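> The structure that follows is given in the form of structure tokens.
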Amino acid sequence: MNTAATKATLLSRIAGLDHIPTIPAVLAPLLRYLQQPVEDLDVQKVTDLIAQDKSLAAQCLQMANSPLYGRWQKIDSLRGAVVGLGFHRVSDIAMSCGVLNLMPKDIGAIDPVVFWEHSLGCALVCRHFARKISYPDPSKAYLAGLLHDLGIIVNLWVLPREFREAYEFARAEGIPLHEAEQKVLGFTHCESGRLLADKWELSAPLKEVVSLHHNIQEAHDHAGLVALVEISDLLCRMSGLNYGYIENRQVNLLEQTGFAVLSQQCKGLKDFDWARLTFEMDSYMDEVHTLVRAIYRT
Amino acid sequence: MTAVAAPPFAIAGPPDPELVRIRDLIYRSAGIFHPDNKLRLLLDRCGRRMKELKTQTLHEYCDCLTIKPTRQTELIALLNEITIGETCFFRSPSQLDALRQIVIPKVLEAKSKAPLRRLRIWCAGCSTGEEPYTLSMLMLEEAQGRLKDWTVEILATDLNERSLAHATNGIYGSYSTRNLTPLYRQKYFIPAGEQLQIQPAVRSSITFSRLNLSDDGRMALMKGIDIIFCCNVLIYFDLVSKRRVIQHFYNSLLPHGYLFLGHSESLYGVSEDFQLLHLPGATAYIRGERSQGGK
């Protein structure tokens with residue numbers, strides 16, 4: 001276990017962020033472009049932006065054909081995806097592929113397939129959960145769920161050996177990964193994620209999600225979104241969309257801080273049917289596994 | 001309207017709205033939920049009933065479940081199709097893993113100061129006995145470890161005399177035993193021709209008895225229970241009876257007790273006395289703070 005001095009050394013290595021890839025070249029302009037009002041957006045422009053990166057374009061097309069994104073007719077072109085799914089869903093898909101491409105190739109700790117399944121699963125559950133409880137700003141939910149564990153990617157790039165030790169400890173003990181990181185590294189992926197989120201100049205709500213989803217008490221301006229992610233993340237970790245190991249514990253969602261926070265913002269949470277939400281996640285699990293494995297094979 | 005071909009059905013495209021309607025109806029009235037990836041199974045079960053009733057479309061069948069005077073009987077018939085073949089040893093591995101890894105240690109911790117080292121599990125609606133025998137085998141596996149020096153009592157009750165006779169007999173065919181690992185097969189069963197018979201050691205911790213869950217007098221006698229399993233039984237009860245049974249379960253369970261229902265079975269809208277608990281890959285219920293008078 002690390003001392004405060006080691007923690008400082010590790011954090012300074014992260015702060016350098018030398019080894020971490022930049023946000024994929026295509027995504028930054030795409031996300032900027034999509035910030036405009038929908039009526040100003042041009043299908044061709046979005047298509048051209050994504051098509052610049054051939055591998056990203058191919059992955060996007062594969063994802064666009066998954067039932068997870070709401071289309072059942074075959075989509076065989078990027079243009080068809082943008083027209084059929086809408087700008088924002090295509091942006092969600094492009095970001096999802098972007099996260100996949102951020103993972104280091106030779107990881108050695110957490111399986112990249114498993115990590116991506118968790119991130120994607122969390123994004124989908126966040127989106128679904130937000131809709132079900134009439135969360136006031138559901139459009140942010142997907143991206144928040146997708147990016148919440150950005151800090152794990154940072155740890156994998158910068159501290160592969162130390163992070164592996166933390167991951168193995170979590171797996172052996174059946175404890176949450178952030179608790180193991182705290183014990184082994186002296187900090188969690190929330191802190192590492194915060195550094196990358198700053199460097200990437202992510203929006204304020206996303207920064208709060210990335211840095212506080214395991215410490216929601218400290219969330220302020222965007223506590224609702226952080227709570228949405230905290231609960232979706234927990235649901236994924238207690239199901240087959242976990243980090244590749246079973247957390248040996250029981251969870252009462254009503255006792256989570258996130259529940260108290262969300263209850264204040266969403267009337268839909270009163271008398272909410274948690275059991276049904278949990279059962280509904282079953283079909284996400286199957287689809288996510290199928291989709292991720294299909295993309296990984298290509 | 002959707003024409004239904006002979007099984008096997010293929011679901012390509014978005015779920016059929018009529019099927020979703022039937023799914024929601026079943027969830028509302030019986031508390032058992034079919035997520036989208038299980039709708040094919042539900043369609044197959046509806047198909048069997050439709051063949052029987054000679055109805056041509058899901059729309060027509062939906063009417064049988066909602067409008068026709070025989071709708072209640074039809075719902076029961078459909079639920080029977082849904083749960084048919086569900087009974088087997090080690091039916092729900094993630095539920096059983098959660099029982100062993102999390103629930104048992106929690107219960108033992110809660111009882112660490114109790115004068116009597118006794119664990120009481122109740123299988124309410126044990127059918128032909130696969131569930132209590134599975135639990136008994138698991139507890140025997142724990143007997144040298146966590147449950148050393150503990151007495152385990154498994155109360156297995158059912159309404160149906162024939163099922164109970166089958167359970168007491170303890171002889172099972174290949175369908176029931178399909179999930180058994182070679183280890184369990186060898187350690188806890190004796191070959192009986194083509195079938196397998198439960199070893200006496202597995203039988204010894206179980207008491208089989210006939211019990212109607214609607215019998216308030218008898219139900220009130222079920223006390224001091226640590227864990228209740230009641231899988232795919234409440235789905236057949238109407239809301240009022242379900243609430244009554246759940247109230248009895250609440251009273252039967254010790255404060256630290258757990259209630260397990262079937263996979264994808266929910267107490268939503270039935271009881272506020274219990275709180276849903278998430279375990280790895282499974283759910284269970286625990287006693288919550290009771291509102292005055294219960295519900």
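The chains in the structure tokens are called A, B, ... from first to last as shown; in each chain the residues are counted from 1, and the ligands are counted from 1 in the order shown.
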Excluding Asp111 of chain A and its own-chain neighbours fewer than 4 positions away, which residues fall within 9 Å of it when counting only C-alpha atoms? Please give them as a ChimeraX atom specification.

/A:107,115-116,243-244

> Give me the residues within 6 Å of segment 279-293 of chain A as a list in words, counting only C-alpha atoms and dropping any in the same chain fewer than 2 places off.

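Within the cut-off, the hits are Arg276, Leu277, Ile295 and Tyr296 of chain A; Pro35, Asp36, Asn37 and Ser264 of chain B.
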
> Near chain B, meaning an atom within 9 Å, which residues of chain A appear when counting only C-alpha atoms? Write them as a PyMOL selection string.

chain A and resi 67+70-73+235+237-240+246-254+271-276+278-284+286-287

> Which of segment 187-236 of chain A counts as helix (DSSP H, G or I) under DSSP, as an MDAnalysis selection string please?

chainID A and resid 189:199 204:212 216:218 223:236

> Calculate how many Å separate atom CA of Ala156 of chain B from atom CA of Phe229 of chain B, rounding to one decimal.

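Here the two named atoms are 9.5 Å from each other.
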
> In Å, how far is it from atom CA of Ser29 of chain B to atom CA of Leu253 of chain B?

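Separation of atom CA of Ser29 of chain B and atom CA of Leu253 of chain B: 25.2 Å.
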
> Considering only C-alpha atoms, can you say which of A:Ala58, A:Leu49, A:Ala227, A:Leu34 comes closest to Arg89 of chain A?

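Of A:Ala58, A:Leu49, A:Ala227, A:Leu34, the one nearest Arg89 of chain A is A:Leu34, counting only C-alpha atoms.
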
> May I have the residues within 7 Å of Arg120 of chain B as a count of residues only, using only C-alpha atoms and disregarding those fewer than 3 positions away in the same chain?

6

> Set the distance at 10 Å and use only C-alpha atoms: which residues neighbour Leu65 of chain B once local chain neighbours fewer than 3 positions away are removed? I'd like the list as a PyMOL selection string.

chain B and resi 22+25-26+60-62+68-76+78

> May I have the selected residues written with N, CA and C atoms, as a compact mmCIF listing (two decimals), in the first residue's frame?


# COMPACT_ATOMS: atom_id res chain seq x y z
N ILE B 22 -49.07 -7.92 -23.69
CA ILE B 22 -49.24 -9.15 -22.89
C ILE B 22 -48.16 -9.20 -21.80
N LEU B 25 -49.20 -6.87 -19.11
CA LEU B 25 -50.35 -7.41 -18.38
C LEU B 25 -49.89 -8.48 -17.38
N ILE B 26 -49.00 -9.35 -17.84
CA ILE B 26 -48.49 -10.40 -16.94
C ILE B 26 -47.73 -9.77 -15.77
N GLU B 60 -55.96 -11.20 -31.08
CA GLU B 60 -57.09 -12.01 -30.63
C GLU B 60 -56.79 -12.65 -29.27
N TYR B 61 -55.55 -13.15 -29.14
CA TYR B 61 -55.18 -13.80 -27.89
C TYR B 61 -55.15 -12.80 -26.74
N CYS B 62 -54.72 -11.59 -27.06
CA CYS B 62 -54.68 -10.54 -26.04
C CYS B 62 -56.11 -10.30 -25.51
N LYS B 68 -62.39 -11.25 -22.56
CA LYS B 68 -63.30 -12.41 -22.45
C LYS B 68 -63.56 -12.79 -20.99
N PRO B 69 -64.74 -13.34 -20.71
CA PRO B 69 -65.07 -13.70 -19.32
C PRO B 69 -64.10 -14.72 -18.72
N THR B 70 -63.49 -15.50 -19.59
CA THR B 70 -62.57 -16.54 -19.08
C THR B 70 -61.15 -16.03 -18.91
N ARG B 71 -60.98 -14.70 -18.90
CA ARG B 71 -59.62 -14.14 -18.91
C ARG B 71 -58.75 -14.60 -17.73
N GLN B 72 -59.39 -14.72 -16.56
CA GLN B 72 -58.60 -15.11 -15.39
C GLN B 72 -58.06 -16.54 -15.55
N THR B 73 -58.94 -17.41 -16.04
CA THR B 73 -58.53 -18.81 -16.25
C THR B 73 -57.42 -18.86 -17.30
N GLU B 74 -57.59 -18.04 -18.34
CA GLU B 74 -56.59 -18.04 -19.41
C GLU B 74 -55.24 -17.53 -18.90
N LEU B 75 -55.29 -16.53 -18.02
CA LEU B 75 -54.04 -16.01 -17.47
C LEU B 75 -53.31 -17.11 -16.71
N ILE B 76 -54.08 -17.86 -15.92
CA ILE B 76 -53.47 -18.96 -15.14
C ILE B 76 -52.87 -20.00 -16.11
N LEU B 78 -51.78 -19.50 -19.10
CA LEU B 78 -50.55 -18.95 -19.69
C LEU B 78 -49.40 -18.99 -18.68

> Which of these, A:Ser203, A:Ser211, A:Ser12, A:Ser134, has the shortest distance to Ser263 of chain A once you count only C-alpha atoms?

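When distances to Ser263 of chain A are compared using only C-alpha atoms, the smallest one comes from A:Ser134.
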
> Write out as a list in words each polymer residue whose atoms come within 6 Å of segment 230-247 of chain B, counting only C-alpha atoms; drop sequence neighbours fewer than 6 positions from it.

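Those residues are Ala30, Ala124, Leu261, Gly262 and Val270 of chain B.
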
> Residues at most 9 Å from Asp221 of chain A, counting only C-alpha atoms, excluding those fewer than 4 positions away in the same chain, as JSON, numbers by chain?

{"A": [204, 205, 208]}

> Can you pull out every residue within 10 Å of Ala180 of chain A, counting only C-alpha atoms, but drop anything in the same chain fewer than 4 positions away, and send it as a list in words?

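Non-adjacent residues within range: Met1, Phe163, Glu165, Ala166, Tyr167, Glu168, Phe169, Ala170, Arg171, Glu173, Gly174, Ile175, Pro176, Val184, Leu185, Gly186, Phe187 and Thr188 of chain A.
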
> What is the distance between atom CA of Lys7 of chain A and atom CA of Arg194 of chain A, in Å to one decimal?

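The value is 15.6 Å.
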
> Of the residues A:Glu191, A:Asp40, A:Glu201, A:Asp233, which is the one nearest to Ile14 of chain A, using only C-alpha atoms?

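Closest candidate: A:Glu191.
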
> Which residue gives the smallest distance to Val20 of chain B among B:His166, B:Lys113, B:Lys223, B:Arg40, with only C-alpha atoms counted?

B:Arg40
